[in-house]
$ cat entry23.txt   # compact mmCIF, C-alpha atoms and all ligand atoms
# COMPACT_ATOMS: atom_id res chain seq x y z
CA MET A 267 -125.47 -105.68 126.55
CA ARG A 268 -128.04 -107.19 128.87
CA ARG A 269 -131.38 -105.36 128.90
CA PRO A 270 -132.54 -104.31 132.38
CA ILE A 271 -135.35 -106.28 134.02
CA HIS A 272 -138.64 -104.42 133.46
CA SER A 273 -141.04 -106.26 135.80
CA ILE A 274 -141.16 -109.09 138.32
CA ALA A 275 -142.75 -111.31 135.66
CA ASP A 276 -139.77 -110.50 133.42
CA ALA A 277 -137.34 -111.41 136.25
CA ARG A 278 -139.18 -114.71 136.70
CA ALA A 279 -139.00 -115.53 132.98
CA ARG A 280 -135.28 -114.79 132.88
CA ALA A 281 -134.57 -116.80 136.03
CA LYS A 282 -136.46 -119.70 134.51
CA ARG A 283 -134.24 -119.60 131.44
CA ARG A 284 -130.98 -119.32 133.36
CA MET A 285 -131.55 -121.75 136.22
CA PRO A 286 -131.74 -125.54 136.13
CA ARG A 287 -135.32 -126.73 136.47
CA LEU A 288 -134.54 -128.41 139.82
CA MET A 289 -133.61 -125.06 141.38
CA PHE A 290 -136.15 -122.87 139.63
CA ASP A 291 -139.02 -125.18 140.51
CA TYR A 292 -137.98 -125.33 144.17
CA ILE A 293 -138.27 -121.53 144.31
CA ASP A 294 -141.26 -121.06 142.03
CA GLY A 295 -143.25 -124.13 143.04
CA ALA A 296 -145.96 -124.47 145.65
CA ALA A 297 -148.10 -127.05 147.40
CA GLY A 298 -150.42 -129.48 145.61
CA GLU A 299 -152.00 -128.05 142.48
CA GLU A 300 -150.52 -124.63 143.29
CA THR A 301 -153.95 -123.01 143.59
CA ALA A 302 -153.09 -121.13 146.80
CA ALA A 303 -150.04 -119.55 145.17
CA ALA A 304 -152.08 -118.42 142.16
CA ASN A 305 -154.95 -117.19 144.35
CA ASN A 306 -152.59 -115.14 146.55
CA ALA A 307 -151.57 -112.96 143.61
CA GLN A 308 -155.05 -112.91 142.08
CA ARG A 309 -156.66 -111.60 145.28
CA PHE A 310 -154.32 -108.60 145.16
CA ARG A 311 -155.29 -107.97 141.52
CA ASP A 312 -158.98 -108.16 142.46
CA ILE A 313 -158.65 -105.11 144.70
CA ARG A 314 -159.35 -101.93 142.73
CA LEU A 315 -158.05 -98.55 143.83
CA LEU A 316 -159.63 -95.11 143.59
CA PRO A 317 -157.42 -92.61 141.73
CA ARG A 318 -157.65 -89.12 143.29
CA SER A 319 -156.52 -85.69 142.16
CA PHE A 320 -156.30 -82.21 143.75
CA LYS A 321 -153.65 -83.20 146.31
CA ASP A 322 -150.07 -82.05 146.67
CA ILE A 323 -148.17 -85.26 146.00
CA ASN A 324 -144.92 -83.76 144.77
CA HIS A 325 -142.95 -85.27 147.64
CA ARG A 326 -143.74 -88.80 148.68
CA ASP A 327 -142.36 -90.41 151.81
CA LEU A 328 -142.09 -94.20 151.53
CA SER A 329 -140.52 -94.76 154.95
CA ALA A 330 -142.23 -96.89 157.61
CA THR A 331 -141.48 -97.38 161.29
CA VAL A 332 -142.13 -100.78 162.84
CA LEU A 333 -141.05 -102.32 166.14
CA GLY A 334 -139.21 -99.12 166.99
CA GLN A 335 -137.11 -99.07 163.83
CA GLN A 336 -137.45 -96.82 160.82
CA PHE A 337 -137.06 -98.38 157.39
CA ALA A 338 -136.66 -96.43 154.16
CA LEU A 339 -139.29 -98.54 152.41
CA PRO A 340 -142.49 -100.22 153.64
CA PHE A 341 -141.43 -103.69 152.47
CA GLY A 342 -138.73 -106.23 153.25
CA ILE A 343 -137.26 -109.59 152.27
CA ALA A 344 -139.15 -112.62 153.62
CA PRO A 345 -137.09 -115.42 155.20
CA MET A 346 -136.17 -118.04 152.62
CA GLY A 347 -134.18 -121.24 152.92
CA MET A 348 -131.50 -122.26 150.43
CA CYS A 349 -131.39 -118.93 148.58
CA ALA A 350 -128.00 -119.91 147.14
CA LEU A 351 -129.87 -122.22 144.78
CA SER A 352 -130.57 -119.10 142.75
CA TRP A 353 -126.95 -117.83 142.66
CA HIS A 354 -123.75 -118.55 144.54
CA GLY A 355 -123.65 -116.20 147.55
CA ALA A 356 -127.28 -115.09 147.15
CA ASP A 357 -127.76 -114.71 150.93
CA LYS A 358 -124.94 -112.17 151.06
CA LEU A 359 -126.41 -110.28 148.09
CA LEU A 360 -129.74 -110.12 149.90
CA ALA A 361 -128.10 -108.97 153.15
CA GLU A 362 -126.19 -106.23 151.28
CA ALA A 363 -129.32 -105.12 149.48
CA ALA A 364 -131.20 -104.96 152.81
CA VAL A 365 -128.50 -102.65 154.18
CA ALA A 366 -128.30 -100.51 151.05
CA ARG A 367 -132.09 -100.13 150.80
CA GLN A 368 -132.62 -99.90 154.57
CA VAL A 369 -135.15 -102.71 154.80
CA PRO A 370 -135.38 -105.82 156.99
CA ILE A 371 -134.32 -109.27 155.80
CA GLY A 372 -135.55 -112.55 157.29
CA VAL A 373 -132.75 -115.06 157.89
CA SER A 374 -134.12 -118.58 157.61
CA THR A 375 -133.25 -121.50 159.88
CA ALA A 376 -132.63 -123.25 156.54
CA ALA A 377 -130.51 -120.42 155.11
CA SER A 378 -127.54 -121.12 152.88
CA ALA A 379 -125.37 -118.68 154.87
CA SER A 380 -124.94 -118.95 158.62
CA LEU A 381 -127.09 -116.84 160.90
CA GLU A 382 -123.88 -115.39 162.38
CA ASP A 383 -122.57 -114.27 158.96
CA MET A 384 -125.94 -112.80 158.02
CA CYS A 385 -126.04 -110.74 161.20
CA GLN A 386 -122.53 -109.46 160.52
CA TRP A 387 -123.43 -108.45 156.98
CA ALA A 388 -126.70 -106.77 158.01
CA PRO A 389 -126.52 -106.09 161.78
CA ASP A 390 -129.47 -103.68 161.89
CA ASN A 391 -131.58 -105.36 159.25
CA ALA A 392 -131.35 -109.12 159.81
CA TRP A 393 -134.27 -110.80 161.62
CA PHE A 394 -133.73 -114.45 162.53
CA GLN A 395 -136.48 -116.88 161.50
CA LEU A 396 -136.93 -119.97 163.64
CA TYR A 397 -138.30 -123.36 162.62
CA VAL A 398 -138.99 -125.68 165.50
CA GLY A 399 -138.34 -129.27 164.52
CA PRO A 400 -138.86 -132.42 166.55
CA SER A 401 -136.39 -131.26 169.22
CA ILE A 402 -137.26 -128.20 171.32
CA ASP A 403 -133.74 -128.22 172.75
CA GLU A 404 -132.23 -127.88 169.27
CA ALA A 405 -134.60 -124.98 168.57
CA MET A 406 -133.58 -123.27 171.80
CA LYS A 407 -129.92 -123.66 170.81
CA LEU A 408 -130.67 -121.67 167.65
CA VAL A 409 -132.39 -119.01 169.75
CA GLU A 410 -129.27 -118.77 171.92
CA ARG A 411 -127.09 -118.48 168.82
CA ALA A 412 -129.34 -115.73 167.46
CA LYS A 413 -129.09 -113.86 170.74
CA LEU A 414 -125.29 -114.19 170.82
CA ALA A 415 -125.01 -113.10 167.19
CA GLY A 416 -126.85 -109.87 168.06
CA TYR A 417 -130.32 -110.34 166.55
CA LYS A 418 -133.07 -108.17 168.02
CA ASN A 419 -136.00 -109.61 166.10
CA LEU A 420 -137.05 -113.26 166.02
CA ILE A 421 -139.62 -114.57 163.56
CA LEU A 422 -141.24 -117.81 164.70
CA THR A 423 -142.78 -119.62 161.71
CA VAL A 424 -145.84 -121.64 162.69
CA ASP A 425 -147.30 -122.80 159.37
CA ALA A 426 -144.84 -125.55 158.50
CA GLN A 427 -146.13 -128.21 160.89
CA LYS A 428 -145.59 -130.62 158.02
CA VAL A 429 -143.89 -129.66 154.79
CA ALA A 430 -146.46 -130.00 152.01
CA ARG A 431 -146.21 -132.27 149.01
CA ARG A 432 -144.80 -130.03 146.32
CA SER A 433 -145.28 -131.97 143.15
CA ARG A 434 -142.59 -130.21 141.14
CA ASP A 435 -139.98 -131.03 143.81
CA ILE A 436 -141.12 -134.64 144.00
CA LYS A 437 -141.01 -134.99 140.21
CA ASN A 438 -137.57 -133.36 139.97
CA GLY A 439 -136.10 -135.33 142.89
CA PHE A 440 -135.36 -132.17 144.90
CA GLN A 441 -133.74 -132.70 148.31
CA ALA A 442 -132.02 -130.45 150.85
CA PRO A 443 -129.12 -130.98 151.33
CA LEU A 444 -128.86 -131.22 147.57
CA LYS A 445 -128.28 -134.63 146.01
CA ILE A 446 -127.26 -134.80 142.39
CA GLY A 447 -128.04 -138.01 140.55
CA PRO A 448 -127.95 -138.68 136.77
CA ARG A 449 -131.24 -136.85 136.05
CA GLN A 450 -130.24 -133.76 137.97
CA PHE A 451 -126.83 -133.88 136.28
CA ILE A 452 -128.44 -133.59 132.84
CA ASP A 453 -130.53 -130.66 134.07
CA LEU A 454 -127.33 -128.94 135.29
CA ALA A 455 -125.52 -129.68 132.05
CA LEU A 456 -128.33 -128.03 130.09
CA HIS A 457 -127.85 -124.83 132.12
CA PRO A 458 -124.07 -124.39 131.92
CA GLU A 459 -123.98 -120.72 132.90
CA TRP A 460 -125.71 -121.39 136.21
CA SER A 461 -123.78 -124.59 136.80
CA LEU A 462 -120.38 -123.03 136.14
CA THR A 463 -120.93 -119.88 138.16
CA THR A 464 -122.89 -121.44 141.03
CA LEU A 465 -122.10 -125.08 141.51
CA ILE A 466 -118.39 -124.91 140.86
CA LYS A 467 -118.08 -122.56 143.86
CA GLY A 468 -119.57 -125.21 146.12
CA LYS A 469 -122.92 -126.91 146.51
CA PRO A 470 -125.45 -124.78 148.44
CA GLU A 471 -125.71 -126.09 152.02
CA LEU A 472 -127.94 -125.66 155.07
CA ALA A 473 -125.31 -123.40 156.60
CA ASN A 474 -126.76 -123.31 160.13
CA PHE A 475 -126.14 -127.01 160.55
CA ALA A 476 -123.11 -129.23 160.38
CA ASN A 477 -122.73 -130.67 156.93
CA ASP A 478 -122.63 -134.06 158.49
CA PRO A 479 -125.41 -136.32 157.19
CA ALA A 480 -125.60 -137.90 160.65
CA ASP A 481 -126.58 -134.52 162.14
CA ALA A 482 -130.34 -134.76 162.39
CA SER A 483 -130.86 -131.44 164.16
CA PHE A 484 -132.65 -130.07 161.10
CA THR A 485 -134.58 -132.19 158.66
CA ARG A 486 -136.52 -130.29 156.07
CA THR A 487 -139.40 -132.73 155.98
CA ALA A 488 -139.69 -133.39 159.73
CA THR A 489 -143.03 -132.85 161.46
CA ARG A 490 -142.87 -129.66 163.47
CA GLY A 491 -145.79 -130.03 165.80
CA LEU A 492 -144.49 -128.82 169.11
CA LEU A 493 -145.65 -125.23 169.01
CA ASP A 494 -147.94 -125.50 171.99
CA ALA A 495 -148.48 -123.08 174.87
CA THR A 496 -145.63 -124.60 176.92
CA PHE A 497 -143.15 -124.05 174.11
CA LEU A 498 -144.36 -120.52 173.39
CA LYS A 499 -143.96 -119.60 177.04
CA ARG A 500 -140.45 -121.05 177.08
CA LEU A 501 -139.54 -119.13 173.95
CA ARG A 502 -141.02 -115.89 175.26
CA ASP A 503 -139.07 -116.26 178.52
CA ALA A 504 -135.83 -116.97 176.64
CA TRP A 505 -136.14 -114.21 174.03
CA SER A 506 -136.23 -110.63 175.26
CA GLY A 507 -136.15 -109.07 171.78
CA ASN A 508 -139.15 -108.67 169.50
CA LEU A 509 -141.06 -111.85 168.78
CA ILE A 510 -142.90 -111.98 165.45
CA VAL A 511 -145.21 -114.91 164.75
CA LYS A 512 -145.32 -115.78 161.05
CA GLY A 513 -147.71 -118.03 159.18
CA ILE A 514 -150.99 -116.79 160.64
CA THR A 515 -154.13 -116.67 158.51
CA THR A 516 -156.93 -116.62 161.09
CA VAL A 517 -158.19 -114.15 163.67
CA ASP A 518 -158.13 -116.69 166.51
CA ASN A 519 -154.51 -117.67 165.81
CA ALA A 520 -153.52 -114.01 165.62
CA GLN A 521 -155.13 -113.40 169.00
CA HIS A 522 -153.45 -116.46 170.49
CA ALA A 523 -150.06 -115.33 169.23
CA VAL A 524 -150.54 -111.99 170.98
CA GLU A 525 -151.77 -113.68 174.19
CA TYR A 526 -148.59 -115.79 174.14
CA GLY A 527 -146.51 -112.62 173.95
CA ALA A 528 -145.99 -111.91 170.24
CA ASP A 529 -144.92 -108.34 169.54
CA ALA A 530 -146.12 -108.55 165.94
CA VAL A 531 -148.30 -110.86 163.85
CA TYR A 532 -147.12 -111.84 160.36
CA LEU A 533 -149.92 -113.00 158.06
CA SER A 534 -148.69 -115.54 155.53
CA ASN A 535 -149.65 -118.81 153.89
CA HIS A 536 -145.98 -119.41 153.05
CA GLY A 537 -146.54 -118.17 149.51
CA GLY A 538 -148.95 -121.09 148.93
CA ARG A 539 -146.19 -123.58 149.64
CA GLN A 540 -147.95 -125.28 152.52
CA LEU A 541 -151.76 -125.74 152.32
CA ASP A 542 -153.01 -125.67 148.75
CA SER A 543 -156.50 -124.57 149.78
CA ALA A 544 -155.28 -121.96 152.24
CA VAL A 545 -157.07 -118.62 152.24
CA ALA A 546 -155.09 -115.71 150.77
CA PRO A 547 -153.66 -113.66 153.67
CA ILE A 548 -154.81 -110.42 152.00
CA ASP A 549 -158.41 -111.65 152.44
CA GLN A 550 -157.92 -111.99 156.20
CA LEU A 551 -155.99 -108.79 156.74
CA SER A 552 -158.86 -106.41 157.62
CA ALA A 553 -160.40 -108.87 160.08
CA VAL A 554 -157.08 -109.58 161.81
CA ARG A 555 -156.18 -105.89 161.98
CA ALA A 556 -159.59 -105.10 163.53
CA ALA A 557 -159.27 -107.90 166.12
CA LEU A 558 -155.82 -106.96 167.45
CA PRO A 559 -154.85 -104.09 169.75
CA SER A 560 -153.66 -101.13 167.68
CA HIS A 561 -150.13 -101.23 169.15
CA ILE A 562 -149.51 -104.71 167.66
CA PRO A 563 -148.11 -104.36 164.14
CA VAL A 564 -149.45 -106.65 161.44
CA PHE A 565 -147.16 -107.80 158.62
CA ILE A 566 -148.18 -109.67 155.50
CA ASP A 567 -146.69 -111.64 152.60
CA SER A 568 -147.79 -114.16 149.95
CA GLY A 569 -148.53 -113.13 146.40
CA VAL A 570 -147.11 -109.60 146.47
CA ARG A 571 -145.83 -109.02 142.93
CA SER A 572 -145.71 -105.23 142.59
CA GLY A 573 -145.59 -101.94 144.45
CA ASP A 574 -149.28 -101.69 143.65
CA SER A 575 -149.94 -104.79 145.82
CA ILE A 576 -147.86 -103.27 148.63
CA VAL A 577 -149.97 -100.10 148.58
CA LYS A 578 -153.13 -102.24 148.73
CA ALA A 579 -151.84 -104.24 151.72
CA LEU A 580 -150.88 -101.06 153.58
CA ALA A 581 -154.27 -99.53 152.80
CA ARG A 582 -156.01 -102.64 154.18
CA GLY A 583 -154.18 -102.16 157.47
CA ALA A 584 -150.80 -103.86 157.20
CA ASP A 585 -147.93 -102.05 158.91
CA PHE A 586 -145.30 -103.70 156.72
CA VAL A 587 -145.17 -106.01 153.71
CA PHE A 588 -142.75 -108.79 152.78
CA LEU A 589 -141.97 -110.46 149.48
CA GLY A 590 -140.29 -113.80 148.91
CA ARG A 591 -139.93 -115.22 145.42
CA PRO A 592 -139.60 -111.87 143.56
CA PHE A 593 -136.15 -111.34 145.10
CA LEU A 594 -134.98 -114.81 144.16
CA TYR A 595 -136.31 -114.40 140.61
CA ALA A 596 -134.27 -111.19 140.45
CA ILE A 597 -131.09 -112.87 141.66
CA GLY A 598 -131.74 -115.99 139.60
CA ALA A 599 -132.04 -113.76 136.54
CA SER A 600 -128.89 -111.67 137.00
CA GLY A 601 -127.48 -111.64 140.53
CA ALA A 602 -126.87 -108.35 142.36
CA LYS A 603 -127.77 -106.31 139.29
CA GLY A 604 -131.13 -108.01 138.93
CA LEU A 605 -131.83 -107.57 142.62
CA SER A 606 -131.09 -103.87 142.42
CA GLU A 607 -133.33 -103.48 139.37
CA VAL A 608 -136.22 -105.26 141.07
CA PHE A 609 -135.87 -103.06 144.18
CA ASP A 610 -135.98 -100.00 141.91
CA ILE A 611 -139.07 -101.29 140.11
CA ILE A 612 -140.98 -101.94 143.35
CA GLU A 613 -139.96 -98.64 144.94
CA ASP A 614 -140.86 -96.66 141.84
CA ASP A 615 -144.17 -98.50 141.55
CA ILE A 616 -145.15 -97.71 145.17
CA SER A 617 -144.25 -94.07 144.71
CA THR A 618 -146.21 -93.83 141.45
CA VAL A 619 -149.31 -95.55 142.82
CA MET A 620 -149.22 -93.31 145.90
CA ALA A 621 -149.22 -90.29 143.61
CA GLN A 622 -152.16 -91.68 141.60
CA VAL A 623 -154.28 -92.25 144.71
CA GLY A 624 -153.33 -88.85 146.13
CA CYS A 625 -151.23 -89.91 149.11
CA SER A 626 -147.85 -88.47 150.01
CA SER A 627 -146.93 -90.79 152.87
CA VAL A 628 -147.39 -94.43 153.81
CA ALA A 629 -149.36 -93.33 156.89
CA GLU A 630 -152.04 -91.82 154.64
CA LEU A 631 -152.78 -95.14 152.94
CA ASP A 632 -156.03 -96.54 154.28
CA GLU A 633 -159.39 -97.94 153.14
CA HIS A 634 -160.36 -94.61 151.53
CA ILE A 635 -158.20 -95.48 148.51
CA ILE A 636 -159.90 -98.88 147.99
CA PHE A 637 -163.02 -99.26 145.86
CA GLN A 638 -165.74 -100.99 147.91
CA HIS A 639 -167.99 -103.26 145.84
CA GLN A 640 -171.73 -102.67 146.41
CA ASN A 641 -173.41 -106.06 146.84
C1 LIG B 1 -137.61 -120.69 148.13
C2 LIG B 1 -138.39 -120.34 149.35
C3 LIG B 1 -137.94 -120.74 150.59
C4 LIG B 1 -138.65 -120.40 151.73
N1 LIG B 1 -138.15 -120.75 152.96
C5 LIG B 1 -138.77 -120.30 154.08
C6 LIG B 1 -138.19 -120.53 155.34
O1 LIG B 1 -137.13 -121.13 155.45
N2 LIG B 1 -138.85 -120.05 156.43
C7 LIG B 1 -140.03 -119.36 156.34
O2 LIG B 1 -140.59 -118.93 157.34
N3 LIG B 1 -140.60 -119.15 155.13
C8 LIG B 1 -140.00 -119.58 154.01
N4 LIG B 1 -140.54 -119.30 152.80
C9 LIG B 1 -141.78 -118.52 152.72
C10 LIG B 1 -141.46 -117.03 152.63
O3 LIG B 1 -140.96 -116.55 153.85
C11 LIG B 1 -142.73 -116.21 152.33
O4 LIG B 1 -143.72 -116.51 153.28
C12 LIG B 1 -143.28 -116.45 150.93
O5 LIG B 1 -142.25 -116.62 149.99
C13 LIG B 1 -144.13 -115.26 150.53
O6 LIG B 1 -144.77 -115.48 149.34
P1 LIG B 1 -144.26 -114.94 147.90
O7 LIG B 1 -143.13 -115.84 147.52
O8 LIG B 1 -145.47 -115.12 147.07
O9 LIG B 1 -143.83 -113.50 148.08
C14 LIG B 1 -139.87 -119.67 151.63
C15 LIG B 1 -140.31 -119.28 150.38
C16 LIG B 1 -139.60 -119.61 149.24
C17 LIG B 1 -140.11 -119.15 147.90

$ encode --input "entry23.txt" --output "structure tokens"
Amino acid sequence: MRRPIHSIADARARAKRRMPRLMFDYIDGAAGEETAAANNAQRFRDIRLLPRSFKDINHRDLSATVLGQQFALPFGIAPMGMCALSWHGADKLLAEAAVARQVPIGVSTAASASLEDMCQWAPDNAWFQLYVGPSIDEAMKLVERAKLAGYKNLILTVDAQKVARRSRDIKNGFQAPLKIGPRQFIDLALHPEWSLTTLIKGKPELANFANDPADASFTRTATRGLLDATFLKRLRDAWSGNLIVKGITTVDNAQHAVEYGADAVYLSNHGGRQLDSAVAPIDQLSAVRAALPSHIPVFIDSGVRSGDSIVKALARGADFVFLGRPFLYAIGASGAKGLSEVFDIIEDDISTVMAQVGCSSVAELDEHIIFQHQN
């Protein structure tokens, strides 16, 4: 009998054992020397909370309302490309979990299930995430498809102007679409369980694009530098739903996003996968929150590895929190079961930490629960 996953670190260790190195490293890896990824998690740990008693915390409400929609939990699934590298059909598992747990799920431009399928599986929970490559027209076609599919929320990712050098991927020969040469074949052969259950059912693909190598409408490594004011205006005019700008780490960029018509600002350094010396978003959260009008929600991801971190982000002023890798570790470890266990762990952790700091609802979480260092 398989033991249940007991922490996100445990899920990661199990995924590492089960998955070929090529796949695990793509998910787990980060830019350069991976200092940003490590710092993201460390900066959450560095925040200390103030335990408080003498409050009635018997009932705790973890729900959060953002952009006019109520979610059962204050966290969601960040958009991630090629999730099926962790498990065949991982995108569907994530969509089903989003529905079951009543949380949002980001659907990547580079997803391994089509944006249409994802919206059918999770009509009220799926938020489409847009990458703008060299062709604005191709990007606008995706926006049209998202509209037709029924999406109401669009996440525009702005921090992948140039995909970073990720040394593990370079060393392992990782490419999307996946190419399997002799070295990768040995890696797969050494992980037969993954290879039999995942690869035999079909190689993970960039499902939003034709599987024709001549189709250059999306190239993972292309420079994506066209996010200027003209484009943002065109996008805002074309998209009447909520526009969320993701990949912000500075106050001036957050303000610009709002000036250009963003309905929400999503702080992120892409989980440290882009700029290795990037500041941790949690360190910019208070300043960004203070600089924006109060009706603009602020979301955050990068380095969230527990319910404890989620409570800290909410207390610092985030309206909602997203996690990326933890969900793929969970699936990579044991599919739908692992995903369900990790959701339970995070939910239970948030509820427990809220009780310890004397708060019975997400709305009560603010700076008063954070220890302020005296300099
Ligand atoms: C495997 C993987 C693929 C990702 N693909 C995308 C993507 O296609 N679009 C996007 O906006 N962000 C992408 N991200 C970044 C996530 O949305 C998110 O910002 C990041 O994972 C958060 O950090 P965390 O993994 O430390 O939680 C990806 C992250 C991972 C781990």

$ axis_aligned_box --input "entry23.txt" --around "stretch 339-346 of chain A" --padding-each-side "3 Å" --output "lines of an AutoDock Vina configuration file"
center_x = -139.3
center_y = -108.3
center_z = 153.7
size_x = 12.3
size_y = 25.5
size_z = 8.9

$ residues_around --input "entry23.txt" --residues "A:Asp435" --least-positions-apart "4" --cutoff "7 Å" --atoms "all atoms listed in the file" --output "list in words"
Asp291, Tyr292, Gly439 and Phe440 of chain A

$ atom_distance --input "entry23.txt" --atom1 "atom CA of A:Ser273" --atom2 "atom CA of A:Ile616"
13.3 Å

$ residues_around --input "entry23.txt" --residues "stretch 294-307 of chain A" --least-positions-apart "2" --cutoff "10 Å" --atoms "only C-alpha atoms" --output "ChimeraX atom specification"
/A:278,281-282,287,289-292,309-312,429-435,534-549,567-572,575,591-592,594-595

$ residues_around --input "entry23.txt" --residues "stretch 393-409 of chain A" --least-positions-apart "2" --cutoff "8 Å" --atoms "only C-alpha atoms" --output "PyMOL selection string"
chain A and resi 345+370-375+381+391+411-413+417-424+483-485+488-493+497+501+504-505

$ atom_distance --input "entry23.txt" --atom1 "atom CA of A:His634" --atom2 "atom CA of A:Asp574"
15.3 Å

$ residues_near_point --input "entry23.txt" --point "(-142.2, -90.0, 151.7)" --cutoff "12 Å" --atoms "all atoms listed in the file" --output "ChimeraX atom specification"
/A:323-330,337-340,613-614,616-618,620-621,625-631

$ atom_distance --input "entry23.txt" --atom1 "atom CA of A:Arg268" --atom2 "atom CA of A:Met285"
16.7 Å

$ closest_residue --input "entry23.txt" --among "A:His522, A:Arg582, A:Arg502, A:His457" --to "A:Gln550" --atoms "only C-alpha atoms"
A:Arg582

$ closest_residue --input "entry23.txt" --among "A:Ala364, A:Ile514, A:Leu465, A:Ala523" --to "ligand LIG 1 (chain B)" --atoms "all atoms listed in the file"
A:Ile514

$ closest_residue --input "entry23.txt" --among "A:Ala376, A:Ile452, A:Ala350, A:Ile466" --to "ligand LIG 1 (chain B)" --atoms "all atoms listed in the file"
A:Ala376

$ closest_residue --input "entry23.txt" --among "A:Phe637, A:Trp387, A:Trp460, A:Phe593" --to "A:Asp610" --atoms "only C-alpha atoms"
A:Phe593

$ residues_around --input "entry23.txt" --residues "A:Val608" --least-positions-apart "4" --cutoff "7 Å" --atoms "only C-alpha atoms" --output "PyMOL selection string"
chain A and resi 274+596+604+612

$ closest_residue --input "entry23.txt" --among "A:Gln450, A:Gln386, A:Gln308, A:Gln368" --to "ligand LIG 1 (chain B)" --atoms "all atoms listed in the file"
A:Gln308

$ closest_residue --input "entry23.txt" --among "A:Ile636, A:Leu498, A:Ala388, A:Val623" --to "A:Lys321" --atoms "only C-alpha atoms"
A:Val623

$ residues_around --input "entry23.txt" --residues "A:His354" --least-positions-apart "5" --cutoff "8 Å" --atoms "all atoms listed in the file" --output "VMD selection string"
chain A and resid 463 to 465 467 470

$ build_atoms --input "entry23.txt" --residues "stretch 492-496 of chain A" --atoms "all heavy atoms" --output "PDB file, in the frame of the given file"
ATOM      1  N   LEU A 492    -144.632-129.042 167.667  1.00  0.00           N
ATOM      2  CA  LEU A 492    -144.490-128.820 169.110  1.00  0.00           C
ATOM      3  C   LEU A 492    -144.748-127.369 169.537  1.00  0.00           C
ATOM      4  O   LEU A 492    -144.290-126.946 170.588  1.00  0.00           O
ATOM      5  CB  LEU A 492    -143.085-129.229 169.546  1.00  0.00           C
ATOM      6  CG  LEU A 492    -142.818-130.727 169.413  1.00  0.00           C
ATOM      7  CD1 LEU A 492    -141.344-131.015 169.574  1.00  0.00           C
ATOM      8  CD2 LEU A 492    -143.621-131.509 170.429  1.00  0.00           C
ATOM      9  N   LEU A 493    -145.467-126.651 168.713  1.00  0.00           N
ATOM     10  CA  LEU A 493    -145.650-125.230 169.010  1.00  0.00           C
ATOM     11  C   LEU A 493    -146.835-125.007 169.940  1.00  0.00           C
ATOM     12  O   LEU A 493    -147.746-124.249 169.632  1.00  0.00           O
ATOM     13  CB  LEU A 493    -145.835-124.459 167.693  1.00  0.00           C
ATOM     14  CG  LEU A 493    -144.659-124.563 166.737  1.00  0.00           C
ATOM     15  CD1 LEU A 493    -145.024-124.041 165.365  1.00  0.00           C
ATOM     16  CD2 LEU A 493    -143.478-123.804 167.288  1.00  0.00           C
ATOM     17  N   ASP A 494    -146.816-125.661 171.068  1.00  0.00           N
ATOM     18  CA  ASP A 494    -147.940-125.500 171.990  1.00  0.00           C
ATOM     19  C   ASP A 494    -147.651-124.379 172.992  1.00  0.00           C
ATOM     20  O   ASP A 494    -146.598-123.745 172.952  1.00  0.00           O
ATOM     21  CB  ASP A 494    -148.237-126.831 172.704  1.00  0.00           C
ATOM     22  CG  ASP A 494    -147.009-127.336 173.457  1.00  0.00           C
ATOM     23  OD1 ASP A 494    -146.004-126.603 173.532  1.00  0.00           O
ATOM     24  OD2 ASP A 494    -147.057-128.463 173.966  1.00  0.00           O
ATOM     25  N   ALA A 495    -148.594-124.194 173.922  1.00  0.00           N
ATOM     26  CA  ALA A 495    -148.480-123.080 174.870  1.00  0.00           C
ATOM     27  C   ALA A 495    -147.200-123.190 175.710  1.00  0.00           C
ATOM     28  O   ALA A 495    -146.547-122.180 175.988  1.00  0.00           O
ATOM     29  CB  ALA A 495    -149.707-123.061 175.769  1.00  0.00           C
ATOM     30  N   THR A 496    -146.826-124.417 176.081  1.00  0.00           N
ATOM     31  CA  THR A 496    -145.630-124.600 176.920  1.00  0.00           C
ATOM     32  C   THR A 496    -144.390-124.106 176.171  1.00  0.00           C
ATOM     33  O   THR A 496    -143.549-123.395 176.722  1.00  0.00           O
ATOM     34  CB  THR A 496    -145.434-126.110 177.243  1.00  0.00           C
ATOM     35  OG1 THR A 496    -146.694-126.645 177.589  1.00  0.00           O
ATOM     36  CG2 THR A 496    -144.418-126.336 178.323  1.00  0.00           C
TER      37      THR A 496
END
